[in-house]
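A.B. asks: Just model.pdb, nothing more (PDB, C-alpha atoms, pLDDT in the B column):
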```pdb
ATOM      1  CA  MET U 211       2.396   7.593   4.768  1.00 95.00           C
ATOM      2  CA  THR U 212      -0.461   5.209   5.531  1.00 97.00           C
ATOM      3  CA  PHE U 213      -0.625   1.449   5.073  1.00 97.00           C
ATOM      4  CA  GLN U 214      -3.241   1.745   2.318  1.00 96.00           C
ATOM      5  CA  GLN U 215      -0.856   3.910   0.246  1.00 97.00           C
ATOM      6  CA  LEU U 216       1.733   1.110   0.057  1.00 97.00           C
ATOM      7  CA  LYS U 217       1.786  -1.384  -2.806  1.00 97.00           C
ATOM      8  CA  ILE U 218       1.459  -5.090  -2.027  1.00 97.00           C
ATOM      9  CA  GLY U 219       4.972  -6.422  -1.468  1.00 96.00           C
ATOM     10  CA  ASP U 220       6.395  -3.172  -0.058  1.00 97.00           C
ATOM     11  CA  TYR U 221       8.460  -3.382   3.124  1.00 96.00           C
ATOM     12  CA  PHE U 222       7.841  -0.943   5.968  1.00 97.00           C
ATOM     13  CA  ARG U 223       8.273  -0.203   9.644  1.00 95.00           C
ATOM     14  CA  ILE U 224       5.756   1.072  12.148  1.00 95.00           C
ATOM     15  CA  PRO U 225       6.819   4.250  14.001  1.00 94.00           C
ATOM     16  CA  GLY U 226       7.927   3.528  17.554  1.00 91.00           C
ATOM     17  CA  ILE U 227       8.746  -0.138  16.841  1.00 86.00           C
ATOM     18  CA  THR U 228      12.394  -1.274  16.799  1.00 79.00           C
ATOM     19  CA  PHE U 229      14.285  -1.366  13.504  1.00 73.00           C
ATOM     20  CA  GLY U 230      14.428  -5.177  13.669  1.00 77.00           C
ATOM     21  CA  CYS U 231      10.666  -5.389  13.112  1.00 90.00           C
ATOM     22  CA  VAL U 232      10.235  -5.093   9.366  1.00 93.00           C
ATOM     23  CA  TYR U 233       6.811  -5.779   7.897  1.00 95.00           C
ATOM     24  CA  ARG U 234       5.711  -6.547   4.350  1.00 96.00           C
ATOM     25  CA  LYS U 235       2.319  -5.629   2.876  1.00 97.00           C
ATOM     26  CA  ALA U 236       0.592  -8.916   2.041  1.00 97.00           C
ATOM     27  CA  SER U 237      -2.881  -7.594   1.142  1.00 96.00           C
ATOM     28  CA  ASN U 238      -5.021  -4.500   1.646  1.00 95.00           C
ATOM     29  CA  SER U 239      -5.762  -5.475   5.240  1.00 95.00           C
ATOM     30  CA  ARG U 240      -2.859  -7.709   6.294  1.00 97.00           C
ATOM     31  CA  CYS U 241       0.885  -7.507   6.669  1.00 96.00           C
ATOM     32  CA  SER U 242       3.458 -10.166   7.384  1.00 96.00           C
ATOM     33  CA  LEU U 243       6.115 -10.303  10.068  1.00 90.00           C
ATOM     34  CA  ASN U 244       8.366 -13.361  10.034  1.00 83.00           C
ATOM     35  CA  ALA U 245       5.973 -15.157   7.624  1.00 84.00           C
ATOM     36  CA  MET U 246       2.992 -14.693   9.962  1.00 92.00           C
ATOM     37  CA  LEU U 247       0.044 -12.646   8.693  1.00 95.00           C
ATOM     38  CA  GLN U 248      -1.282  -9.960  10.974  1.00 94.00           C
ATOM     39  CA  PRO U 249      -4.227  -7.584  10.566  1.00 96.00           C
ATOM     40  CA  ILE U 250      -3.487  -3.879  10.242  1.00 95.00           C
ATOM     41  CA  ARG U 251      -5.678  -0.809   9.903  1.00 95.00           C
ATOM     42  CA  PRO U 252      -5.587   0.774   6.432  1.00 95.00           C
ATOM     43  CA  ARG U 253      -4.941   4.234   7.916  1.00 96.00           C
ATOM     44  CA  ALA U 254      -2.089   3.078  10.180  1.00 96.00           C
ATOM     45  CA  THR U 255       0.976   5.292   9.851  1.00 97.00           C
ATOM     46  CA  VAL U 256       3.954   3.441   8.355  1.00 97.00           C
ATOM     47  CA  ILE U 257       7.513   4.240   7.268  1.00 97.00           C
ATOM     48  CA  PRO U 258       8.365   2.695   3.885  1.00 97.00           C
ATOM     49  CA  LEU U 259      11.864   1.245   3.615  1.00 96.00           C
ATOM     50  CA  SER U 260      14.326   2.180   0.888  1.00 95.00           C
ATOM     51  CA  ARG U 261      16.164  -0.480  -1.111  1.00 95.00           C
ATOM     52  CA  ALA U 262      19.286   0.153   0.972  1.00 95.00           C
ATOM     53  CA  GLU U 263      17.369  -0.337   4.240  1.00 93.00           C
ATOM     54  CA  ILE U 264      15.830  -3.558   2.926  1.00 92.00           C
ATOM     55  CA  ALA U 265      19.251  -4.859   1.874  1.00 93.00           C
ATOM     56  CA  LYS U 266      20.691  -3.965   5.304  1.00 91.00           C
ATOM     57  CA  TYR U 267      17.791  -5.737   7.039  1.00 88.00           C
ATOM     58  CA  PHE U 268      18.280  -8.959   5.053  1.00 89.00           C
ATOM     59  CA  ALA U 269      22.074  -8.810   5.511  1.00 92.00           C
ATOM     60  CA  THR U 270      21.610  -8.865   9.284  1.00 86.00           C
ATOM     61  CA  GLN U 271      19.201 -11.795   9.231  1.00 80.00           C
TER      62      GLN U 271
END
```
Once you've parsed the file, please lay out its structure as structure tokens.
C.D. replies:
Amino acid sequence: MTFQQLKIGDYFRIPGITFGCVYRKASNSRCSLNAMLQPIRPRATVIPLSRAEIAKYFATQ
């Protein structure tokens, strides 16, 4: 899946990055990591997180 296919507010990971790095789509060209906005290419490959993975991530925070 690509970044542009996500809906704003969806949580995702980037392949090859550790599980602890969970991003959230903030706009069509930016994502957030720890409340800091970062640019991202629309065609970047991403792995959307399921509800269970999101819950697990927040439980460990």
A.B. asks: I need the residue set behind the PyMOL selection byres ((chain U and resi 231) around 10) for this file; please write it as a VMD selection string.
C.D. replies: chain U and resid 222 to 224 227 to 230 232 to 233 243 to 244 267
A.B. asks: Would you save the residues from that selection as a PDB file, in the frame of the given file, using C-alpha atoms?
C.D. replies:
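Result saved to part03.pdb:
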```
ATOM      1  CA  PHE U 222       7.841  -0.943   5.968  1.00 97.00           C
ATOM      2  CA  ARG U 223       8.273  -0.203   9.644  1.00 95.00           C
ATOM      3  CA  ILE U 224       5.756   1.072  12.148  1.00 95.00           C
ATOM      4  CA  ILE U 227       8.746  -0.138  16.841  1.00 86.00           C
ATOM      5  CA  THR U 228      12.394  -1.274  16.799  1.00 79.00           C
ATOM      6  CA  PHE U 229      14.285  -1.366  13.504  1.00 73.00           C
ATOM      7  CA  GLY U 230      14.428  -5.177  13.669  1.00 77.00           C
ATOM      8  CA  VAL U 232      10.235  -5.093   9.366  1.00 93.00           C
ATOM      9  CA  TYR U 233       6.811  -5.779   7.897  1.00 95.00           C
ATOM     10  CA  LEU U 243       6.115 -10.303  10.068  1.00 90.00           C
ATOM     11  CA  ASN U 244       8.366 -13.361  10.034  1.00 83.00           C
ATOM     12  CA  TYR U 267      17.791  -5.737   7.039  1.00 88.00           C
TER      13      TYR U 267
END
```
A.B. asks: Measuring atom to atom with all atoms listed in the file, identify which of U:Phe268, U:Thr212, U:Ile250, U:Ile257 is nearest to Gly226 (chain U).
C.D. replies: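 Among the listed residues, U:Ile257 lies closest to Gly226 (chain U).
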A.B. asks: Given the file shown, determine the residues that the PyMOL selection byres ((chain U and resi 255) around 6) selects; report them as number ranges by chain.
C.D. replies: U: 211-212, 254, 256
A.B. asks: With C-alpha atoms retained, could you export that selection as a PDB file, in the coordinates of the input?
C.D. replies:
```pdb
ATOM      1  CA  MET U 211       2.396   7.593   4.768  1.00 95.00           C
ATOM      2  CA  THR U 212      -0.461   5.209   5.531  1.00 97.00           C
ATOM      3  CA  ALA U 254      -2.089   3.078  10.180  1.00 96.00           C
ATOM      4  CA  VAL U 256       3.954   3.441   8.355  1.00 97.00           C
TER       5      VAL U 256
END
```
A.B. asks: Which value, in Å to one decimal, gives the distance between CA of Thr270 (chain U) and CA of Asn238 (chain U)?
C.D. replies: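 Going from CA of Thr270 (chain U) over to CA of Asn238 (chain U) covers 28.0 Å.
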A.B. asks: Have a look at CA of Lys235 (chain U) and CA of Tyr221 (chain U) and let me know their distance in Å, one decimal.
C.D. replies: 6.5 Å
A.B. asks: Enclose region 238-257 of chain U, meaning all of its atoms listed in the file, in a box aligned along x, y and z, pad it by 8 Å on each side, and list the centre and edge lengths in Å to one decimal, as lines of an AutoDock Vina configuration file.
C.D. replies:
```
center_x = 1.3
center_y = -4.9
center_z = 6.3
size_x = 30.1
size_y = 36.4
size_z = 25.3
```
A.B. asks: Quick check, in Å to one decimal: how far apart do CA of Ile218 (chain U) and CA of Ser237 (chain U) lie?
C.D. replies: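 Rounded to one decimal, the two atoms are 5.9 Å apart.
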A.B. asks: Please enumerate the residues selected by the PyMOL selection byres ((chain U and resi 251) around 9) when evaluated against the supplied file, formatted as a list in words.
C.D. replies: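 When the PyMOL selection byres ((chain U and resi 251) around 9) is applied, the selected residues are Phe213, Gln214, Ser239, Arg240, Pro249, Ile250, Pro252, Arg253 and Ala254 of chain U.
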A.B. asks: Go through U:Ile264, U:Ala269, U:Leu259, U:Ala245 one by one, measure the shortest atom-to-atom distance of each to Pro225 (chain U) using all atoms listed in the file, and give the residue with the smallest value.
C.D. replies: U:Leu259
A.B. asks: Using all atoms listed in the file, which of the listed residues (U:Arg234, U:Asp220, U:Gln215, U:Ser242) sits closest to Arg261 (chain U)?
C.D. replies: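 When distances to Arg261 (chain U) are compared using all atoms listed in the file, the smallest one comes from U:Asp220.
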